[in-house]
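One file, final.cif, carrying mmCIF, C-alpha atoms:
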data_upload
loop_
_atom_site.label_atom_id
_atom_site.label_comp_id
_atom_site.auth_asym_id
_atom_site.auth_seq_id
_atom_site.Cartn_x
_atom_site.Cartn_y
_atom_site.Cartn_z
CA MET D 1 4.11 -10.35 -6.74
CA CYS D 2 6.31 -13.44 -6.37
CA THR D 3 4.12 -15.37 -8.79
CA LEU D 4 4.29 -12.56 -11.32
CA ALA D 5 8.09 -12.61 -11.16
CA HIS D 6 8.02 -16.25 -12.30
CA VAL D 7 5.48 -15.47 -15.03
CA PHE D 8 7.50 -12.56 -16.37
CA GLU D 9 10.82 -14.35 -16.17
CA ALA D 10 9.32 -17.31 -18.06
CA ALA D 11 8.16 -14.84 -20.70
CA GLY D 12 11.70 -13.61 -21.23
CA LEU D 13 11.79 -10.50 -19.04
CA SER D 14 14.39 -9.88 -16.36
CA THR D 15 12.83 -9.31 -12.97
CA VAL D 16 13.70 -8.19 -9.48
CA VAL D 17 11.30 -8.27 -6.53
CA LEU D 18 11.35 -6.00 -3.49
CA THR D 19 9.75 -7.72 -0.51
CA PRO D 20 9.73 -7.56 3.29
CA LEU D 21 8.49 -11.18 3.43
CA ARG D 22 11.69 -13.17 3.11
CA ALA D 23 10.05 -16.47 4.03
CA VAL D 24 7.55 -16.18 1.20
CA ALA D 25 10.25 -15.36 -1.36
CA GLU D 26 12.30 -18.35 -0.20
CA ARG D 27 9.40 -20.77 -0.34
CA MET D 28 8.37 -19.57 -3.79
CA SER D 29 11.86 -19.70 -5.31
CA VAL D 30 11.51 -16.15 -6.61
CA PRO D 31 14.08 -15.54 -9.38
CA ARG D 32 15.72 -12.41 -7.91
CA THR D 33 14.70 -10.91 -4.57
CA LEU D 34 15.92 -7.93 -2.61
CA TYR D 35 14.78 -8.60 0.94
CA THR D 36 13.88 -5.28 2.50
CA ASP D 37 13.29 -5.34 6.25
CA PHE D 38 10.81 -2.48 6.04
CA PRO D 39 7.27 -2.18 7.44
CA LEU D 40 4.45 -3.51 5.29
CA GLY D 41 3.24 -0.75 3.02
CA LEU D 42 6.64 0.84 2.48
CA SER D 43 8.33 -1.00 -0.39
CA LEU D 44 11.03 1.65 -0.72
CA GLY D 45 11.41 2.05 3.04
CA LYS D 46 11.16 5.76 3.71
CA ALA D 47 8.59 8.26 2.44
CA ARG D 48 9.94 11.64 1.37
CA ASP D 49 13.52 10.34 1.31
CA ALA D 50 14.55 10.24 -2.34
CA GLN D 51 18.16 9.34 -1.60
CA PHE D 52 17.20 6.31 0.48
CA GLN D 53 14.71 5.17 -2.15
CA SER D 54 17.35 5.46 -4.86
CA GLU D 55 19.77 3.36 -2.80
CA VAL D 56 17.12 0.65 -2.54
CA LEU D 57 16.60 0.70 -6.30
CA LEU D 58 20.32 0.52 -7.03
CA ALA D 59 20.65 -2.46 -4.69
CA ALA D 60 17.75 -4.12 -6.48
CA PHE D 61 19.22 -3.53 -9.93
CA GLU D 62 22.56 -4.99 -8.79
CA LEU D 63 20.75 -8.33 -8.66
CA LEU D 64 20.30 -8.23 -12.44
CA LYS D 65 23.95 -9.28 -12.70
CA GLU D 66 23.08 -12.63 -11.14
CA THR D 67 22.85 -15.44 -13.67
CA GLU D 68 21.76 -18.29 -11.37
CA GLY D 69 18.62 -18.24 -9.29
CA PRO D 70 16.74 -18.17 -7.12
CA VAL D 71 18.78 -15.51 -5.41
CA ILE D 72 17.91 -13.43 -2.33
CA ARG D 73 20.04 -10.56 -1.12
CA ASP D 74 19.41 -8.52 2.04
CA PHE D 75 19.24 -4.74 1.88
CA PRO D 76 21.59 -3.73 4.70
CA VAL D 77 19.41 -1.09 6.36
CA ARG D 78 16.39 -2.00 8.48
CA VAL D 79 13.48 0.40 8.88
CA SER D 80 11.51 -0.13 12.08
CA ALA D 81 7.75 0.23 12.28
CA THR D 82 7.96 1.69 15.75
CA ASP D 83 11.20 3.63 16.20
CA GLY D 84 10.34 6.69 14.13
CA GLU D 85 9.56 10.17 15.32
CA PRO D 86 5.90 10.66 16.28
CA LEU D 87 3.84 12.88 14.05
CA VAL D 88 3.55 16.45 15.27
CA CYS D 89 0.32 17.64 13.81
CA GLY D 90 -1.93 20.19 15.48
CA LEU D 91 -5.67 19.75 15.67
CA PRO D 92 -8.24 22.54 15.42
CA PRO D 93 -10.04 23.95 18.46
CA ARG D 94 -13.75 23.29 18.89
CA LEU D 95 -15.73 25.45 16.51
CA ASN D 96 -19.30 24.26 17.01
CA PRO D 97 -20.04 22.98 20.52
CA ASP D 98 -23.41 21.68 19.33
CA LEU D 99 -21.70 19.00 17.28
CA HIS D 100 -19.99 15.87 18.56
CA PRO D 101 -16.23 16.62 18.83
CA ALA D 102 -15.40 14.11 16.07
CA VAL D 103 -17.87 15.68 13.65
CA ASP D 104 -16.73 19.20 14.54
CA GLU D 105 -13.10 18.17 14.10
CA ALA D 106 -13.67 16.63 10.66
CA GLN D 107 -15.52 19.70 9.44
CA ALA D 108 -12.70 21.95 10.63
CA LEU D 109 -10.06 19.80 8.94
CA LYS D 110 -11.69 19.74 5.51
CA SER D 111 -9.68 22.73 4.28
CA ALA D 112 -6.43 20.99 5.26
CA TYR D 113 -7.54 17.91 3.32
CA ASP D 114 -8.33 20.10 0.31
CA ARG D 115 -4.85 21.62 0.45
CA ALA D 116 -3.28 18.17 0.70
CA HIS D 117 -5.28 16.96 -2.29
CA GLN D 118 -4.40 20.02 -4.34
CA LYS D 119 -0.72 19.74 -3.49
CA SER D 120 -0.31 16.01 -4.10
CA ASN D 121 -2.87 15.73 -6.90
CA LYS D 122 -3.91 12.37 -5.50
CA THR D 123 -6.26 10.95 -2.91
CA SER D 124 -7.27 7.45 -1.90
CA VAL D 125 -10.51 8.70 -0.31
CA GLY D 126 -13.50 7.42 -2.25
CA MET D 127 -13.68 3.72 -1.61
CA ARG D 128 -17.21 4.33 -0.29
CA ILE D 129 -17.70 8.00 0.49
CA SER D 130 -16.33 11.36 -0.55
CA ALA D 131 -14.38 13.79 1.60
CA GLU D 132 -17.51 15.92 1.91
CA GLN D 133 -19.36 13.01 3.53
CA ILE D 134 -16.77 12.36 6.26
CA PRO D 135 -18.48 14.42 9.03
CA ASP D 136 -21.85 12.76 8.43
CA ALA D 137 -20.21 9.33 8.43
CA LEU D 138 -18.56 10.09 11.77
CA ALA D 139 -21.96 11.09 13.15
CA LYS D 140 -23.09 7.54 12.37
CA PHE D 141 -20.18 6.08 14.31
CA VAL D 142 -21.14 8.28 17.25
CA LYS D 143 -24.55 6.62 17.17
CA ILE D 144 -23.03 3.12 16.96
CA ALA D 145 -20.84 3.95 19.97
CA GLU D 146 -24.00 5.00 21.78
CA GLY D 147 -25.63 1.65 21.07
CA GLU D 148 -27.52 2.00 17.79
CA HIS D 149 -27.33 -1.01 15.49
CA TRP D 150 -24.96 -0.50 12.57
CA GLU D 151 -27.43 -1.87 10.02
CA ASP D 152 -30.10 0.59 11.18
CA LEU D 153 -27.77 3.38 10.06
CA GLY D 154 -27.71 2.11 6.49
CA PHE D 155 -24.42 0.24 6.58
CA SER D 156 -23.66 -3.10 5.00
CA ALA D 157 -20.58 -5.07 6.03
CA ALA D 158 -18.77 -3.84 2.92
CA SER D 159 -19.86 -0.23 3.24
CA ILE D 160 -18.92 0.16 6.91
CA TYR D 161 -15.44 -1.20 6.11
CA GLY D 162 -15.05 1.13 3.15
CA THR D 163 -16.37 4.10 5.12
CA VAL D 164 -13.82 3.60 7.88
CA HIS D 165 -11.13 3.27 5.21
CA ASP D 166 -12.14 6.63 3.79
CA ILE D 167 -12.25 8.36 7.19
CA ARG D 168 -8.79 7.13 8.15
CA THR D 169 -7.42 7.99 4.71
CA PHE D 170 -8.91 11.50 4.88
CA TYR D 171 -7.10 12.10 8.16
CA GLU D 172 -3.81 10.48 7.12
CA GLU D 173 -3.65 12.49 3.91
CA LEU D 174 -4.31 15.82 5.60
CA ALA D 175 -1.81 14.96 8.34
CA CYS D 176 0.86 14.67 5.66
CA GLU D 177 -0.02 18.22 4.62
CA LEU D 178 0.03 19.63 8.15
CA ALA D 179 3.22 17.86 9.25
CA GLU D 180 6.56 18.98 7.92
CA GLY D 181 9.42 16.72 6.89
CA PRO D 182 9.64 12.94 6.89
CA ILE D 183 6.63 10.84 7.81
CA ALA D 184 7.81 7.94 9.97
CA PRO D 185 6.31 4.47 9.50
CA TRP D 186 2.93 4.13 11.18
CA ALA D 187 3.12 7.71 12.45
CA THR D 188 -0.10 8.79 10.79
CA GLU D 189 -1.94 5.69 12.02
CA GLN D 190 -0.72 6.28 15.57
CA TRP D 191 -1.71 9.94 15.37
CA PHE D 192 -5.16 9.09 14.00
CA TYR D 193 -6.13 6.59 16.68
CA ALA D 194 -4.32 8.15 19.64
CA GLN D 195 -4.90 11.85 19.11
CA THR D 196 -7.92 12.54 16.95
CA GLU D 197 -11.55 12.52 17.98
CA ALA D 198 -12.38 10.59 14.81
CA GLY D 199 -10.00 7.76 15.64
CA ALA D 200 -11.32 7.62 19.19
CA ILE D 201 -14.95 7.38 18.12
CA ILE D 202 -14.24 4.63 15.59
CA LEU D 203 -12.48 2.56 18.23
CA LYS D 204 -15.35 3.20 20.64
CA ALA D 205 -17.90 2.15 18.02
CA ARG D 206 -15.84 -0.96 17.24
CA ARG D 207 -15.78 -1.94 20.92
CA ALA D 208 -19.55 -1.36 21.15
CA MET D 209 -20.13 -3.64 18.16
CA ARG D 210 -17.92 -6.33 19.69
CA ASP D 211 -19.68 -6.05 23.06
CA ASN D 212 -23.09 -6.20 21.38
CA GLN D 213 -22.22 -9.55 19.75
CA VAL D 214 -21.95 -8.23 16.21
CA ALA D 215 -20.20 -10.78 13.98
CA GLN D 216 -16.42 -10.43 14.28
CA SER D 217 -16.13 -10.39 10.49
CA VAL D 218 -17.91 -7.02 10.53
CA TRP D 219 -16.17 -5.13 13.34
CA PHE D 220 -12.68 -6.64 13.40
CA GLY D 221 -11.42 -4.98 10.23
CA LEU D 222 -12.51 -1.50 11.30
CA ALA D 223 -9.09 -0.93 12.91
CA PRO D 224 -5.70 -2.63 12.79
CA ALA D 225 -5.47 -5.98 14.55
CA GLY D 226 -4.35 -5.33 18.11
CA ARG D 227 -5.68 -1.76 18.22
CA GLU D 228 -8.17 -1.35 21.09
CA MET T 1 -1.35 -6.67 22.61
CA SER T 2 0.89 -5.42 19.82
CA ILE T 3 -0.41 -3.89 16.62
CA PHE T 4 -0.08 -6.67 14.05
CA GLY T 5 1.42 -4.54 11.28
CA GLN T 6 4.08 -3.18 13.64
CA ASP T 7 5.15 -6.54 15.02
CA PRO T 8 7.89 -8.22 12.92
CA GLU T 9 7.54 -11.50 14.82
CA ALA T 10 3.80 -11.71 14.15
CA ILE T 11 4.30 -10.80 10.49
CA GLY T 12 7.05 -13.40 10.20
CA LYS T 13 4.81 -16.11 11.61
CA PHE T 14 2.04 -15.03 9.28
CA ALA T 15 4.36 -15.12 6.26
CA ALA T 16 5.68 -18.55 7.20
CA SER T 17 2.15 -19.92 7.47
CA LEU T 18 0.82 -18.51 4.19
CA PRO T 19 -0.03 -21.22 1.66
CA VAL T 20 2.03 -20.55 -1.44
CA PRO T 21 2.23 -22.22 -4.83
CA GLU T 22 5.33 -24.24 -5.62
CA PHE T 23 7.62 -23.28 -8.48
CA GLN T 24 10.55 -25.03 -10.09
CA LYS T 25 14.00 -23.52 -9.86
CA PRO T 26 13.83 -20.57 -12.26
CA SER T 27 16.10 -19.88 -15.19
CA LEU T 28 17.14 -16.26 -15.09
CA ASN T 29 17.07 -14.02 -18.12
CA ILE T 30 20.18 -11.94 -18.56
CA SER T 31 19.25 -8.35 -19.21
CA LYS T 32 21.10 -6.11 -21.58
CA PRO T 33 23.33 -3.64 -19.68
CA LEU T 34 21.22 -1.60 -17.26
CA HIS T 35 22.27 1.72 -18.75
CA THR T 36 20.67 0.66 -22.03
CA ALA T 37 17.67 -1.21 -20.58
CA LYS T 38 14.04 -0.10 -20.55
CA VAL T 39 12.52 -0.54 -17.09
CA ALA T 40 8.88 -0.95 -16.06
CA ILE T 41 7.32 -1.15 -12.61
CA VAL T 42 4.71 -3.77 -11.77
CA THR T 43 3.13 -3.25 -8.37
CA THR T 44 0.68 -5.36 -6.39
CA ALA T 45 -0.48 -2.36 -4.38
CA ALA T 46 -3.67 -2.23 -6.48
CA LEU T 47 -2.91 1.31 -7.61
CA HIS T 48 -5.51 2.75 -9.90
CA GLN T 49 -6.95 5.97 -11.17
CA ASP T 50 -10.30 7.46 -10.25
CA GLY T 51 -13.13 5.46 -11.77
CA ASP T 52 -11.08 2.29 -12.09
CA GLY T 53 -10.18 -0.02 -9.27
CA PHE T 54 -10.24 -3.50 -7.84
CA GLU T 55 -12.81 -5.70 -6.12
CA LEU T 56 -12.54 -6.33 -2.38
CA ASN T 57 -12.37 -10.10 -2.70
CA ASP T 58 -9.57 -12.35 -3.98
CA SER T 59 -11.10 -13.03 -7.39
CA ASP T 60 -9.96 -9.85 -9.14
CA PHE T 61 -6.98 -10.83 -11.25
CA HIS T 62 -7.09 -8.00 -13.79
CA TYR T 63 -4.39 -5.39 -14.03
CA GLU T 64 -4.48 -1.64 -14.49
CA THR T 65 -2.16 0.16 -16.88
CA LEU T 66 -0.50 3.22 -15.38
CA SER T 67 0.94 5.70 -17.83
CA ARG T 68 4.42 7.01 -17.19
CA GLN T 69 2.94 10.44 -16.48
CA ALA T 70 0.20 9.35 -14.05
CA ARG T 71 0.61 10.57 -10.47
CA ASN T 72 -3.06 10.98 -9.46
CA LEU T 73 -3.22 7.41 -8.22
CA LYS T 74 -5.34 5.78 -5.54
CA LEU T 75 -4.03 3.09 -3.23
CA GLY T 76 -6.38 0.17 -3.75
CA HIS T 77 -4.65 -2.09 -1.24
CA HIS T 78 -6.92 -1.18 1.63
CA SER T 79 -5.90 -3.53 4.44
CA VAL T 80 -5.93 -1.85 7.83
CA ASN T 81 -2.84 -3.83 8.80
CA PHE T 82 -0.21 -2.00 6.84
CA ASP T 83 1.05 1.55 6.88
CA ARG T 84 -0.82 3.81 4.47
CA GLY T 85 0.63 7.08 5.67
CA GLY T 86 3.76 6.53 3.63
CA PHE T 87 1.83 6.41 0.37
CA ALA T 88 -0.25 9.40 1.45
CA ALA T 89 2.96 11.36 1.92
CA ASP T 90 4.87 10.07 -1.11
CA LEU T 91 3.68 7.67 -3.77
CA ASN T 92 7.28 6.76 -4.58
CA VAL T 93 7.51 4.73 -1.39
CA VAL T 94 5.24 2.20 -3.12
CA TYR T 95 5.60 3.12 -6.79
CA PRO T 96 9.04 4.67 -7.38
CA ILE T 97 8.27 6.25 -10.73
CA ASP T 98 10.02 9.55 -9.99
CA ARG T 99 13.12 7.69 -8.81
CA LEU T 100 13.19 5.76 -12.11
CA GLU T 101 12.96 9.02 -14.03
CA GLU T 102 15.91 10.37 -12.06
CA LEU T 103 17.97 7.22 -12.70
CA ALA T 104 17.22 7.53 -16.41
CA ASP T 105 18.20 11.22 -16.38
CA ILE T 106 21.65 10.39 -15.01
CA GLY T 107 22.11 7.39 -17.28
CA ILE T 108 21.98 4.57 -14.75
CA ILE T 109 19.01 2.99 -16.51
CA GLY T 110 18.46 3.34 -20.22
CA GLU T 111 14.82 4.32 -20.34
CA VAL T 112 11.61 4.45 -18.32
CA ALA T 113 8.76 2.50 -19.91
CA ASN T 114 5.74 4.44 -21.09
CA ASN T 115 3.41 2.04 -19.30
CA HIS T 116 3.54 0.42 -15.88
CA TYR T 117 1.12 -2.06 -14.34
CA SER T 118 -0.81 -2.68 -11.16
CA PHE T 119 -2.40 -5.85 -9.79
CA ALA T 120 -4.27 -6.57 -6.58
CA GLY T 121 -2.11 -8.34 -4.01
CA ASN T 122 -4.87 -10.62 -2.78
CA GLN T 123 -5.28 -13.40 -5.31
CA SER T 124 -6.87 -16.84 -5.31
CA ALA T 125 -4.98 -19.58 -3.47
CA SER T 126 -3.96 -21.28 -6.70
CA VAL T 127 -2.98 -17.97 -8.39
CA SER T 128 -3.84 -19.78 -11.60
CA GLU T 129 -5.55 -16.71 -13.05
CA ILE T 130 -2.47 -14.48 -12.92
CA ARG T 131 -0.23 -17.40 -13.92
CA LEU T 132 -2.24 -18.33 -16.97
CA ASP T 133 -4.23 -15.24 -17.91
CA SER T 134 -3.50 -11.72 -16.75
CA GLY T 135 0.18 -12.25 -15.92
CA PRO T 136 1.11 -13.50 -19.41
CA ARG T 137 -1.03 -10.77 -21.00
CA CYS T 138 0.81 -8.15 -18.97
CA ALA T 139 4.14 -9.67 -20.04
CA SER T 140 2.97 -9.46 -23.65
CA GLU T 141 2.14 -5.77 -23.21
CA MET T 142 5.63 -5.15 -21.87
CA HIS T 143 7.20 -7.07 -24.75
CA LYS T 144 5.30 -4.91 -27.22
CA GLU T 145 6.92 -1.90 -25.62
CA GLN T 146 10.32 -3.64 -25.63
CA VAL T 147 10.69 -3.59 -21.86
CA ASP T 148 13.83 -5.37 -20.64
CA VAL T 149 13.62 -5.18 -16.85
CA VAL T 150 10.64 -5.40 -14.50
CA LEU T 151 10.82 -4.05 -10.97
CA LEU T 152 8.12 -5.63 -8.79
CA THR T 153 6.90 -3.83 -5.68
CA GLY T 154 4.11 -4.64 -3.27
CA THR T 155 2.89 -2.78 -0.24
#
Output the file's structure as structure tokens, nothing else.
Amino acid sequence: MCTLAHVFEAAGLSTVVLTPLRAVAERMSVPRTLYTDFPLGLSLGKARDAQFQSEVLLAAFELLKETEGPVIRDFPVRVSATDGEPLVCGLPPRLNPDLHPAVDEAQALKSAYDRAHQKSNKTSVGMRISAEQIPDALAKFVKIAEGEHWEDLGFSAASIYGTVHDIRTFYEELACELAEGPIAPWATEQWFYAQTEAGAIILKARRAMRDNQVAQSVWFGLAPAGRE
Amino acid sequence: MSIFGQDPEAIGKFAASLPVPEFQKPSLNISKPLHTAKVAIVTTAALHQDGDGFELNDSDFHYETLSRQARNLKLGHHSVNFDRGGFAADLNVVYPIDRLEELADIGIIGEVANNHYSFAGNQSASVSEIRLDSGPRCASEMHKEQVDVVLLTGT
């Protein structure tokens, strides 16, 4: 992003960068930067808060009046990654006791995902698997948690990473449908790993892979760094 | 242990240690007045539509063109270490296209560009490809559309 600002400015365009990485903007002499002390992933700070987002944009556009650069200005409001309200999002009761709880849960939540998809007209599920394949994918992670080797279940390093991406995304998108109002930073991630059966089984499978001496490059990226 | 993406100190240390290319002091272009300017968004969140997309590695320097009307976008920046729930709830928190439309409606900006652009955030260490190839081509596309101002967002 910072490199592109230089490229575009050199080509005659006026640019302004929004970034939470002040040190990078400083070291790269970015032409115009609005430093936003927001969590990574939230360039405009607050989801579902149009007024706040507009204030960020207006502060950014103010920088266009600057004639000498590089210039960095701080947006005056900080958004914390950890101080927001937790997500209140109910989970379905067990429907099929013959299934593992994570598989049963994912099957029961498919209709909520479908509503979320229909309402937002977007989904980031599909890096490796479709929404329909989520329960079967979770069944594979149950087996990994129980000691089966990940490669024996048909995974490659790339596909297991992409599959976990799709599972987490499936849950985070449906959570946004089930929860009302603002979505605080990291609230859906916290909800996924701390409250859902799917998040629990992925963490359990990840620990099993680590304990079974699987290469760190395979298991480490299956959950955020620091998540156990 | 803290969660990396939630720990400002850890992120700060990471940012300070990132190898970055050096640039000369930039000369700034002076835009025409904002209320007459055409504005485009360029994001490095690797946004794309179904069927398109970006490679996992750091060698994908192409860009996707996002039409002004497109909202059915996928978040291609897949790192587990940043918040994805915000985008799931509201694409404007990464790609503020609806906010731009509102600012144009009330006359704060002149016009919203018909095309916006998306790159992958992970690039080669030298970033020579986006400096010499796809970045200038993207700038040329914006010039063709007579864009004046570029708002750059990441994730």
Within 7 Å of T:Gly76, counting all atoms listed in the file, which residues show up once you throw out same-chain ones fewer than 6 positions away? Write them as a PyMOL selection string, please. chain T and resi 45-48+53-54
Report the residues retrieved by the PyMOL selection byres ((chain T) within 7 of (chain D)) from the displayed file, expressed as a count of residues only. 50
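Between atom CA of D:Thr36 and atom CA of T:Tyr117 the interatomic distance comes to 21.4 Å.
Distances from T:Ile106, T:Ala10, T:Ile97, T:Leu132 to T:Arg68 were compared using all atoms listed in the file, and the smallest one belongs to T:Ile97.
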On this file, the PyMOL selection byres ((chain T and resi 65) around 9) gives some set of residues; write that set as a PyMOL selection string. chain T and resi 48+63-64+66-67+115-118
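For the pair atom CA of T:Ile11 and atom CA of D:Asp83, the interatomic distance is 17.0 Å.
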Contacts of D:Ala208 at 12 Å or less, counting all atoms listed in the file, minus same-chain residues fewer than 2 places along, as a CSV table (one decimal) with C-alpha atoms, in the frame of the given file?
chain,number,residue,atom,x,y,z
D,141,PHE,CA,-20.2,6.1,14.3
D,142,VAL,CA,-21.1,8.3,17.2
D,143,LYS,CA,-24.6,6.6,17.2
D,144,ILE,CA,-23.0,3.1,17.0
D,145,ALA,CA,-20.8,4.0,20.0
D,146,GLU,CA,-24.0,5.0,21.8
D,147,GLY,CA,-25.6,1.6,21.1
D,148,GLU,CA,-27.5,2.0,17.8
D,149,HIS,CA,-27.3,-1.0,15.5
D,150,TRP,CA,-25.0,-0.5,12.6
D,201,ILE,CA,-15.0,7.4,18.1
D,202,ILE,CA,-14.2,4.6,15.6
D,203,LEU,CA,-12.5,2.6,18.2
D,204,LYS,CA,-15.4,3.2,20.6
D,205,ALA,CA,-17.9,2.2,18.0
D,206,ARG,CA,-15.8,-1.0,17.2
D,210,ARG,CA,-17.9,-6.3,19.7
D,211,ASP,CA,-19.7,-6.0,23.1
D,212,ASN,CA,-23.1,-6.2,21.4
D,213,GLN,CA,-22.2,-9.6,19.8
D,214,VAL,CA,-22.0,-8.2,16.2
D,215,ALA,CA,-20.2,-10.8,14.0
D,216,GLN,CA,-16.4,-10.4,14.3
D,219,TRP,CA,-16.2,-5.1,13.3
D,220,PHE,CA,-12.7,-6.6,13.4
D,228,GLU,CA,-8.2,-1.4,21.1
For a test of reading the model, state the distance in Å between atom CA of D:Ile134 and atom CA of D:Asn96, rounded to one decimal. 16.2 Å
Give the answer as one residue: which of T:Asp60, T:Leu18, T:Glu145, T:Thr36 has the shortest atom-to-atom distance to T:Ser128, using all atoms listed in the file? T:Asp60
Which residues, written as a PyMOL selection string, have at least one atom at most 8 Å from D:Ala102, with all atoms listed in the file counted and residues fewer than 3 positions away on the same chain left out? chain D and resi 105-106+135+138-139+196-198+201
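The shortest atom-to-atom distance to T:Leu34, with all atoms listed in the file taken into account, belongs to D:Leu63 out of D:Ala137, D:Leu63, D:Leu91, D:Leu99.
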Axis-aligned box for stretch 15-26 of chain T, 5 Å per side, centre and edges in Å as AutoDock Vina command-line options:
--center_x 7.0 --center_y -20.1 --center_z -2.4 --size_x 24.0 --size_y 19.9 --size_z 29.7
